[in-house]
Amino acid sequence: MVGATGAREPVLAVGALCEELEELQSTLGQGPGVDAAAGDGVVLVPDLADGPAVRRWPVFAPAAAERGMRGLFAFPVAAGAARVGVLDVYRRDPGGLGAELLATALAFADAVLVVVLDERGAVAGGPDHRRDAMLPERRAEVHQAAGMVSVQLGIQVSEALVRLRAYAYVHERRLADVAADVVARRLRFAPDRRGTDDTAVGSEMMDAPPNSDHDHPEGGT
């Protein structure tokens, strides 16, 4: 989904691997879905291991290919200039979607738009409405953690979110897990010192490095 500020957050994933890759795009701030959310239109990538994809997304593309996902196709969920989200479609083998599958994906993107507008308008989704796969609680926790980090470091919430993403990337952790540690006060960010990275003892605070070379890991988005 694309929020009012333009921030992109994953809210639904089908399968553990897709969820992991959506989380990875969110953490890194790069990938086809990120570009589609930024207004690049439909982004079709038949092979994430190919040179153009690696050059465009130097961190995300190799990471996705290593996890066994080769194709990624991002479709904006939008009504005119108003973008409410992005539908990402993955495939394990390299190759395009073809005309029929492309038309199907575009139809699904339109269907997602209808669901989102119904949801925002408080229209019931019926018994088949898949709320069990939605992740709003975890995303709310990320925002709560960003607010806490902004206080700890005396910075804007938007910058605090960048610090959280950088910390998750550097330590090869999921952004949601890092946020959970911050909210539970197992992890804190200090502006003046570095501390241990051991989160095994829940009663102990640890200091996250206030600055990192990976604050902007992708060099793009």
# chains A, B, ... in the order shown; residues from 1 in each chain; ligands from 1
>>> residues_around(residues="Ala176 (chain A)", least_positions_apart="5", cutoff="10 Å", atoms="only C-alpha atoms", output="JSON, numbers by chain")
{"A": [23, 27, 138, 139, 140, 141, 142, 143, 145, 164, 165, 168, 181, 182]}
>>> atom_distance(atom1="CA of Val151 (chain A)", atom2="CA of Ala179 (chain A)")
14.4 Å
>>> atom_distance(atom1="CA of Gln152 (chain A)", atom2="CA of Leu175 (chain A)")
18.0 Å
>>> atom_distance(atom1="CA of Ala160 (chain A)", atom2="CA of Ser26 (chain A)")
14.5 Å
>>> residues_around(residues="region 59-75 of chain A", least_positions_apart="2", cutoff="7 Å", atoms="only C-alpha atoms", output="VMD selection string")
chain A and resid 21 25 30 to 33 36 42 to 49 53 to 54 57 77 86 to 95 106 109 218
>>> write_last_selection(atoms="C-alpha atoms", output="PDB file, in the first residue's frame")
ATOM      1  CA  LEU A  21      10.788 -10.397  -0.667  1.00  0.00           C
ATOM      2  CA  GLN A  25      11.937  -4.291  -0.849  1.00  0.00           C
ATOM      3  CA  GLN A  30      14.564  -0.524  -3.784  1.00  0.00           C
ATOM      4  CA  GLY A  31      12.973  -2.958  -6.209  1.00  0.00           C
ATOM      5  CA  PRO A  32      10.365  -3.023  -8.970  1.00  0.00           C
ATOM      6  CA  GLY A  33       7.515  -2.529  -6.514  1.00  0.00           C
ATOM      7  CA  ALA A  36       6.074   1.332  -9.461  1.00  0.00           C
ATOM      8  CA  VAL A  42       4.091  -0.933 -14.685  1.00  0.00           C
ATOM      9  CA  VAL A  43       7.567  -2.397 -14.077  1.00  0.00           C
ATOM     10  CA  LEU A  44       8.165  -5.760 -15.780  1.00  0.00           C
ATOM     11  CA  VAL A  45      11.358  -7.646 -14.914  1.00  0.00           C
ATOM     12  CA  PRO A  46      11.597 -11.061 -16.607  1.00  0.00           C
ATOM     13  CA  ASP A  47      14.950 -11.907 -14.999  1.00  0.00           C
ATOM     14  CA  LEU A  48      16.218 -10.390 -11.752  1.00  0.00           C
ATOM     15  CA  ALA A  49      19.606 -12.041 -12.307  1.00  0.00           C
ATOM     16  CA  ALA A  53      18.003  -5.599 -13.254  1.00  0.00           C
ATOM     17  CA  VAL A  54      21.164  -5.905 -11.156  1.00  0.00           C
ATOM     18  CA  TRP A  57      18.517  -2.649  -8.108  1.00  0.00           C
ATOM     19  CA  VAL A  77      -3.022  -0.078  -8.072  1.00  0.00           C
ATOM     20  CA  VAL A  86       1.204  -1.868  -5.969  1.00  0.00           C
ATOM     21  CA  LEU A  87       0.489  -5.483  -6.887  1.00  0.00           C
ATOM     22  CA  ASP A  88       3.729  -7.484  -7.182  1.00  0.00           C
ATOM     23  CA  VAL A  89       3.640 -10.768  -9.115  1.00  0.00           C
ATOM     24  CA  TYR A  90       6.585 -13.148  -8.796  1.00  0.00           C
ATOM     25  CA  ARG A  91       7.757 -16.149 -10.801  1.00  0.00           C
ATOM     26  CA  ARG A  92      10.505 -18.635 -10.013  1.00  0.00           C
ATOM     27  CA  ASP A  93      11.708 -19.129 -13.602  1.00  0.00           C
ATOM     28  CA  PRO A  94      13.038 -16.302 -15.784  1.00  0.00           C
ATOM     29  CA  GLY A  95      10.739 -15.123 -18.544  1.00  0.00           C
ATOM     30  CA  LEU A 106      -3.821  -6.032 -14.822  1.00  0.00           C
ATOM     31  CA  ALA A 109      -4.675  -4.930 -10.004  1.00  0.00           C
ATOM     32  CA  GLU A 218      20.545   1.091  -2.493  1.00  0.00           C
TER      33      GLU A 218
END
>>> residues_around(residues="Ala107 (chain A)", least_positions_apart="4", cutoff="12 Å", atoms="only C-alpha atoms", output="number ranges by chain")
A: 75-77, 87, 100-103, 111-114
>>> closest_residue(among="A:Val170, A:Val162, A:Val183, A:Cys18", to="Gln144 (chain A)", atoms="only C-alpha atoms")
A:Val183
